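Undergrad: Take this structure first; my questions come after.
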Amino acid sequence: MLSAESAASVRATLPAVAGALDEITARFYGAMFRDRPELLDGMFNRGNQASGAQRRALAGSIAGFATALLKDPDTRPDALLARIAHKHTAVGVTDDQYTIVHKYLFGAIAEVLGDAVTPEVAAAWDEVYWLMAGALIAQEARLYQDAGVRPGGIWRQWTVVERRTETPDTVSFLLRPADGAPAPRARAGQYVSVRVRMPDGVRQLRQYTLSSAPGGDLRRITVKRVAGDCGAPDGEVSALLHEQVHAGDELTLSAPFGDVFLDDPADAADPVVLVSAGIGCTPMTGILAHLAALGSRRPVLVLHADRSPADHALRGETRELADRLPGARSVFWYERPGPEEPGARVGLMDLQGVELPEGATVFLCGPLPFMREVRGQLLKGGVPARRIRYEVFGPDMWLPDTSA
């Protein structure tokens with residue numbers, strides 16, 4: 001609950017703070033990494049730091065949380081933070097790090113806003129911060145407990161059992177726990193963090209969706225090699241995995257996390273729509289494999305867009321899994337069609353003429369422009385916003401209204 005005094009101060013200063021958040025977060029990260037360089041080793045994605053994606057995501061989450069508090073000061077908008085909590089646990093964030101963040105964030109606010117940060121304003125935003133931090137700490141404690149790990153103790157060695165080339169720029173790694181103990185519980189659609197040591201000695205981590213059924217002791221991740229564009233460098237972790245990791249090697253993986261998953265019982269009957277583009281197919285393949293393992297008879301609609309059939313990772317497996325489900329059907333779109341998929345549609349995904357099952361839960365994953373466009377089409381098609389669940393690779397800079 002935000003106090004009335006703090007709510008008044010936050011409301012009065014929110015435009016100024018929101019307008020300066022990009023500069024505030026840039027100074028925040030700069031100062032924190034200058035004084036605490038160990039946080040860049042195995043905790044933060046330096047690619048997202050260099051591009052500014054991480055600071056923009058942080059700025060958006062702070063502004064969004066403060067705005068939600070002002071709309072209803074008597075409640076704490078915990079639901080807004082579920083995605084952040086899963087991202088935090090997937091990299092091993094612990095309670096004490098919130099104190100470190102507080103120190104540098106509020107130092108940056110004071111630097112940027114100067115005399116505008118009166119004691120009353122500072123106290124109000126301090127209250128906002130600790131309400132947000134407290135909500136995240138509570139959610140993260142539950143997630144660690146559910147995962148059966150101690151806070152921050154998420155890492156484990158896995159052996160690469162098999163490496164398989166899926167497309168010219170995509171490979172899959174089949175993994176088994178190196179210690180021989182059972183694999184941790186996972187839900188269809190969740191992801192793991194992979195932590196590797198780069199040539200300069202710094203550990204970096206990236207999240208990859210489990211692209212196989214979550215049961216058993218074998219898990220699979222499917223990694224697309226990230227090619228830099230518009231002057232950006234190539235993805236350093238995906239390049240290392242493609243070039244250096246083979247069967248018999250070991251990888252360091254986190255426990256599975258992620259708030260977008262299908263965890264329904266085998267007798268669930270509600271329809272499911274799986275919508276993806278490019279490497280966004282990976283959570284959908286995991287969900288399909290889960291449904292096939294359950295012998296599900298629920299209606300399933302698989303919609304995927306790609307450059308061509310040859311670029312469509314896990315295409316054959318997606319077809320095979322859909323064929324095993326009596327209630328499933330698939331529609332593919334390709335910018336450059338090929339003979340491998342004679343019934344595919346040409347061009348970008350267009351849902352006009354596609355019959356969407358009533359009452360369906362929609363899972364959406366792919367590049368942000370694709371998700372924005374297709375979400376709009378889904379809403380026009382009568383799908384309520386609350387039934388559209390989306391997964392973002394990297395910092396979440398898309399905060400769609402979910403009230404509909």
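Chain labels run A, B, ... following the order of the structure tokens; each chain numbers its residues from 1, and ligands are numbered from 1 in the order shown.
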Need to verify the contact set: A:Gly30, 12 Å, only C-alpha atoms, exclusion of same-chain residues closer than 2 positions in sequence. Can you return it as a VMD selection string?
TA: chain A and resid 23 to 28 32 to 37 39 to 40 46 49 to 50 52 55 101 104 to 105 107 to 108
Undergrad: Within stretch 117-317 of chain A, find each residue whose DSSP state, derived from the backbone, is alpha helix (DSSP H), and express the selection as a count of residues only.
TA: 55
Undergrad: List the spatial neighbours of A:Asp263 as an MDAnalysis selection string - criterion: any atom at most 10 Å away, only C-alpha atoms, same-chain residues fewer than 5 positions off excluded.
TA: chainID A and resid 186:189 268 287 290:291
Undergrad: Generate the output file for the selected residues, C-alpha atoms, as a JSON list (two decimals), in the first residue's frame.
TA:
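Wrote it out as part_21.json, contents follow:
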```json
[["chain", "number", "residue", "atom", "x", "y", "z"],
["A", 186, "ALA", "CA", 9.98, -28.18, -15.61],
["A", 187, "ARG", "CA", 6.79, -26.94, -17.24],
["A", 188, "ALA", "CA", 6.13, -26.91, -20.97],
["A", 189, "GLY", "CA", 7.16, -23.51, -22.34],
["A", 268, "ALA", "CA", -8.09, -30.52, -19.93],
["A", 287, "ILE", "CA", 4.15, -27.46, -25.47],
["A", 290, "HIS", "CA", 3.95, -32.13, -23.68],
["A", 291, "LEU", "CA", 0.44, -32.44, -25.12]]
```
Undergrad: Have a look at A:Asp350, A:Asp306, A:Asp323, A:Glu358 and name the one nearest to A:Gln377; count only C-alpha atoms.
TA: A:Asp350
Undergrad: Pick the closest to A:Thr118 from A:Pro73, A:Pro309, A:Thr13, A:Gly278: which is it, counting only C-alpha atoms?
TA: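 Between A:Pro73, A:Pro309, A:Thr13, A:Gly278, the residue approaching A:Thr118 most closely is A:Thr13.
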Undergrad: For A:Lys71, which of A:Ala122, A:Ile84, A:Met1, A:Ser296 is the closest residue, counting only C-alpha atoms?
TA: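 The answer is A:Met1, which sits nearest to A:Lys71.
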Undergrad: What separation in Å, quoted to one decimal, exists between atom CA of A:Pro342 and atom CA of A:Thr285?
TA: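 Atom CA of A:Thr285 lies at a distance of 21.2 Å from atom CA of A:Pro342.
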Undergrad: Rank nothing, just name the residue among A:Gln352, A:Gln139, A:Gln97, A:Gln207 nearest to A:Ile221, using only C-alpha atoms.
TA: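 Comparing A:Gln352, A:Gln139, A:Gln97, A:Gln207 against A:Ile221, the winner is A:Gln207.
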Undergrad: Determine the nearest neighbour of A:Ala178 from the options A:Val194, A:Val302, A:Met284, A:Val161, counting only C-alpha atoms.
TA: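 For A:Ala178, the nearest of the given residues is A:Val161.
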Undergrad: Take atom CA of A:Gly47 and atom CA of A:Gly19 and report the distance between them in Å, one decimal.
TA: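 Result for atom CA of A:Gly47 versus atom CA of A:Gly19: 24.3 Å, one decimal.
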Undergrad: Could you give me, as a PyMOL selection string, the residues within 9 Å of stretch 248-250 of chain A, counting only C-alpha atoms and dropping anything in the same chain fewer than 2 positions from it?
TA: chain A and resi 157-162+175+178+245-246+252
Undergrad: Which distance in Å separates atom CA of A:Asp22 and atom CA of A:Arg56, to one decimal?
TA: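 It comes out at 6.4 Å.
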Undergrad: Among stretch 90-273 of chain A, which residues carry a DSSP assignment of strand (DSSP E or B), reported as a ChimeraX atom specification?
TA: /A:156-167,170-177,188,191-197,203-210,219-224,250-253,257,262,272-273
Undergrad: Only N, CA and C atoms, please: the residues just picked out, written as a short mmCIF file (atom, residue, chain, number, x, y, z; two decimals), in the first residue's frame.
TA:
```cif
data_model
loop_
_atom_site.label_atom_id
_atom_site.label_comp_id
_atom_site.auth_asym_id
_atom_site.auth_seq_id
_atom_site.Cartn_x
_atom_site.Cartn_y
_atom_site.Cartn_z
N ARG A 156 23.72 -25.95 -12.26
CA ARG A 156 23.99 -27.39 -12.25
C ARG A 156 24.66 -27.75 -13.57
N GLN A 157 25.54 -28.75 -13.53
CA GLN A 157 26.23 -29.19 -14.74
C GLN A 157 25.38 -30.22 -15.50
N TRP A 158 25.33 -30.06 -16.82
CA TRP A 158 24.62 -30.98 -17.69
C TRP A 158 25.56 -31.44 -18.80
N THR A 159 25.43 -32.70 -19.18
CA THR A 159 26.24 -33.27 -20.25
C THR A 159 25.49 -33.22 -21.57
N VAL A 160 26.16 -32.78 -22.62
CA VAL A 160 25.56 -32.78 -23.95
C VAL A 160 25.57 -34.22 -24.48
N VAL A 161 24.39 -34.80 -24.61
CA VAL A 161 24.25 -36.17 -25.10
C VAL A 161 24.29 -36.20 -26.63
N GLU A 162 23.70 -35.19 -27.24
CA GLU A 162 23.63 -35.15 -28.70
C GLU A 162 23.56 -33.70 -29.16
N ARG A 163 24.20 -33.42 -30.28
CA ARG A 163 24.09 -32.13 -30.94
C ARG A 163 23.50 -32.38 -32.33
N ARG A 164 22.47 -31.59 -32.69
CA ARG A 164 21.83 -31.80 -33.98
C ARG A 164 21.63 -30.46 -34.68
N THR A 165 22.01 -30.40 -35.95
CA THR A 165 21.79 -29.21 -36.76
C THR A 165 20.35 -29.21 -37.25
N GLU A 166 19.63 -28.14 -36.95
CA GLU A 166 18.22 -28.01 -37.34
C GLU A 166 18.07 -27.24 -38.65
N THR A 167 18.76 -26.11 -38.74
CA THR A 167 18.79 -25.28 -39.95
C THR A 167 20.22 -24.74 -40.06
N THR A 170 20.75 -22.82 -36.82
CA THR A 170 20.11 -23.29 -35.59
C THR A 170 20.58 -24.70 -35.25
N VAL A 171 20.96 -24.92 -33.99
CA VAL A 171 21.34 -26.25 -33.53
C VAL A 171 20.59 -26.57 -32.24
N SER A 172 20.36 -27.86 -32.02
CA SER A 172 19.76 -28.33 -30.78
C SER A 172 20.79 -29.12 -29.98
N PHE A 173 20.69 -28.99 -28.66
CA PHE A 173 21.55 -29.74 -27.74
C PHE A 173 20.65 -30.56 -26.83
N LEU A 174 20.83 -31.89 -26.85
CA LEU A 174 20.12 -32.78 -25.94
C LEU A 174 21.00 -32.97 -24.72
N LEU A 175 20.44 -32.78 -23.52
CA LEU A 175 21.22 -32.68 -22.29
C LEU A 175 20.72 -33.63 -21.23
N ARG A 176 21.66 -34.10 -20.37
CA ARG A 176 21.33 -34.95 -19.23
C ARG A 176 22.11 -34.44 -18.02
N PRO A 177 21.54 -34.47 -16.80
CA PRO A 177 22.30 -34.01 -15.63
C PRO A 177 23.61 -34.77 -15.49
N ALA A 188 6.04 -27.09 -19.53
CA ALA A 188 6.13 -26.91 -20.97
C ALA A 188 6.05 -25.43 -21.33
N TYR A 191 11.96 -21.79 -19.69
CA TYR A 191 13.31 -21.65 -20.21
C TYR A 191 14.33 -21.93 -19.11
N VAL A 192 15.57 -22.11 -19.51
CA VAL A 192 16.69 -22.21 -18.58
C VAL A 192 17.73 -21.16 -18.99
N SER A 193 18.56 -20.77 -18.04
CA SER A 193 19.72 -19.95 -18.36
C SER A 193 20.90 -20.87 -18.63
N VAL A 194 21.69 -20.54 -19.63
CA VAL A 194 22.93 -21.25 -19.92
C VAL A 194 24.07 -20.28 -19.63
N ARG A 195 25.01 -20.71 -18.78
CA ARG A 195 26.12 -19.84 -18.39
C ARG A 195 27.42 -20.40 -18.95
N VAL A 196 28.14 -19.56 -19.69
CA VAL A 196 29.39 -20.00 -20.31
C VAL A 196 30.47 -18.96 -20.03
N ARG A 197 31.73 -19.41 -20.07
CA ARG A 197 32.86 -18.50 -19.89
C ARG A 197 33.37 -18.08 -21.25
N ARG A 203 32.10 -14.59 -17.48
CA ARG A 203 30.97 -15.50 -17.68
C ARG A 203 29.76 -14.71 -18.15
N GLN A 204 29.11 -15.25 -19.17
CA GLN A 204 27.89 -14.65 -19.69
C GLN A 204 26.79 -15.70 -19.71
N LEU A 205 25.55 -15.24 -19.60
CA LEU A 205 24.44 -16.20 -19.63
C LEU A 205 23.35 -15.70 -20.56
N ARG A 206 22.62 -16.66 -21.10
CA ARG A 206 21.47 -16.38 -21.96
C ARG A 206 20.38 -17.37 -21.62
N GLN A 207 19.13 -16.97 -21.88
CA GLN A 207 18.00 -17.87 -21.64
C GLN A 207 17.61 -18.57 -22.94
N TYR A 208 17.35 -19.88 -22.83
CA TYR A 208 16.89 -20.67 -23.96
C TYR A 208 15.72 -21.55 -23.50
N THR A 209 14.68 -21.55 -24.31
CA THR A 209 13.50 -22.33 -23.98
C THR A 209 13.79 -23.82 -24.10
N LEU A 210 13.17 -24.60 -23.22
CA LEU A 210 13.21 -26.05 -23.36
C LEU A 210 12.31 -26.42 -24.54
N ARG A 219 16.70 -33.19 -21.46
CA ARG A 219 16.15 -31.90 -21.82
C ARG A 219 16.83 -31.41 -23.09
N ARG A 220 16.16 -30.54 -23.81
CA ARG A 220 16.73 -30.03 -25.05
C ARG A 220 16.57 -28.52 -25.13
N ILE A 221 17.61 -27.87 -25.60
CA ILE A 221 17.52 -26.46 -25.95
C ILE A 221 17.87 -26.32 -27.43
N THR A 222 17.26 -25.36 -28.10
CA THR A 222 17.49 -25.12 -29.52
C THR A 222 17.95 -23.68 -29.67
N VAL A 223 19.16 -23.52 -30.20
CA VAL A 223 19.85 -22.22 -30.17
C VAL A 223 20.03 -21.70 -31.59
N LYS A 224 19.50 -20.53 -31.84
CA LYS A 224 19.74 -19.85 -33.12
C LYS A 224 20.95 -18.94 -32.98
N GLU A 250 30.20 -30.39 -21.34
CA GLU A 250 29.28 -30.03 -20.27
C GLU A 250 28.88 -28.56 -20.38
N LEU A 251 27.64 -28.28 -20.02
CA LEU A 251 27.12 -26.92 -19.95
C LEU A 251 26.57 -26.66 -18.56
N THR A 252 26.65 -25.42 -18.13
CA THR A 252 26.08 -25.01 -16.85
C THR A 252 24.70 -24.43 -17.10
N LEU A 253 23.68 -25.07 -16.53
CA LEU A 253 22.29 -24.66 -16.73
C LEU A 253 21.65 -24.31 -15.40
N PHE A 257 12.70 -21.83 -15.31
CA PHE A 257 11.80 -20.78 -14.85
C PHE A 257 11.03 -20.25 -16.05
N LEU A 262 2.37 -24.17 -20.19
CA LEU A 262 1.14 -24.97 -20.18
C LEU A 262 1.34 -26.08 -19.17
N VAL A 272 -6.16 -24.65 -27.38
CA VAL A 272 -4.85 -23.99 -27.28
C VAL A 272 -4.45 -23.52 -28.67
N VAL A 273 -3.99 -22.27 -28.77
CA VAL A 273 -3.46 -21.74 -30.03
C VAL A 273 -2.00 -21.38 -29.80
#
```
Undergrad: Determine the nearest neighbour of A:Asp270 from the options A:Leu301, A:Leu321, A:Glu355, A:Leu143, counting only C-alpha atoms.
TA: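 Nearest candidate to A:Asp270 out of A:Leu301, A:Leu321, A:Glu355, A:Leu143: A:Leu301.
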Undergrad: Could you pull the residues within 12 Å of A:Val392, counting only C-alpha atoms, minus those fewer than 2 positions along the same chain, as a PyMOL selection string?
TA: chain A and resi 57+83-84+87+189-191+207-209+258-260+276-277+279-280+282-283+363-372+389-390+394-399
Undergrad: Please provide as a ChimeraX atom specification all residues within 9 Å of A:Asp267, with the sequence filter that same-chain residues fewer than 2 positions apart are discarded (counting only C-alpha atoms).
TA: /A:264-265,269,294,296-298
Undergrad: Name all residues at most 12 Å from A:Ala12 (count only C-alpha atoms; drop same-chain ones fewer than 4 positions away) and give them as a JSON list (two decimals) with C-alpha atoms, in the first residue's frame.
TA:
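For reference, out-v1.json as written:
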```
[["chain", "number", "residue", "atom", "x", "y", "z"],
["A", 5, "GLU", "CA", 1.60, 11.50, 1.20],
["A", 6, "SER", "CA", 3.90, 9.47, -1.01],
["A", 7, "ALA", "CA", 1.22, 9.01, -3.65],
["A", 8, "ALA", "CA", 0.85, 12.80, -3.95],
["A", 16, "ALA", "CA", 9.81, 14.30, -14.61],
["A", 17, "VAL", "CA", 11.12, 10.97, -13.34],
["A", 18, "ALA", "CA", 9.68, 9.02, -16.27],
["A", 66, "ALA", "CA", 4.60, 3.51, -10.11],
["A", 67, "THR", "CA", 1.71, 4.20, -12.49],
["A", 70, "LEU", "CA", -1.15, 5.56, -8.39],
["A", 116, "ALA", "CA", 14.01, 18.56, -7.54],
["A", 117, "VAL", "CA", 14.69, 15.57, -5.28],
["A", 120, "GLU", "CA", 9.77, 14.36, 0.62],
["A", 121, "VAL", "CA", 10.24, 13.31, -3.01],
["A", 124, "ALA", "CA", 8.09, 8.85, -1.73],
["A", 125, "TRP", "CA", 10.16, 7.17, -4.44]]
```
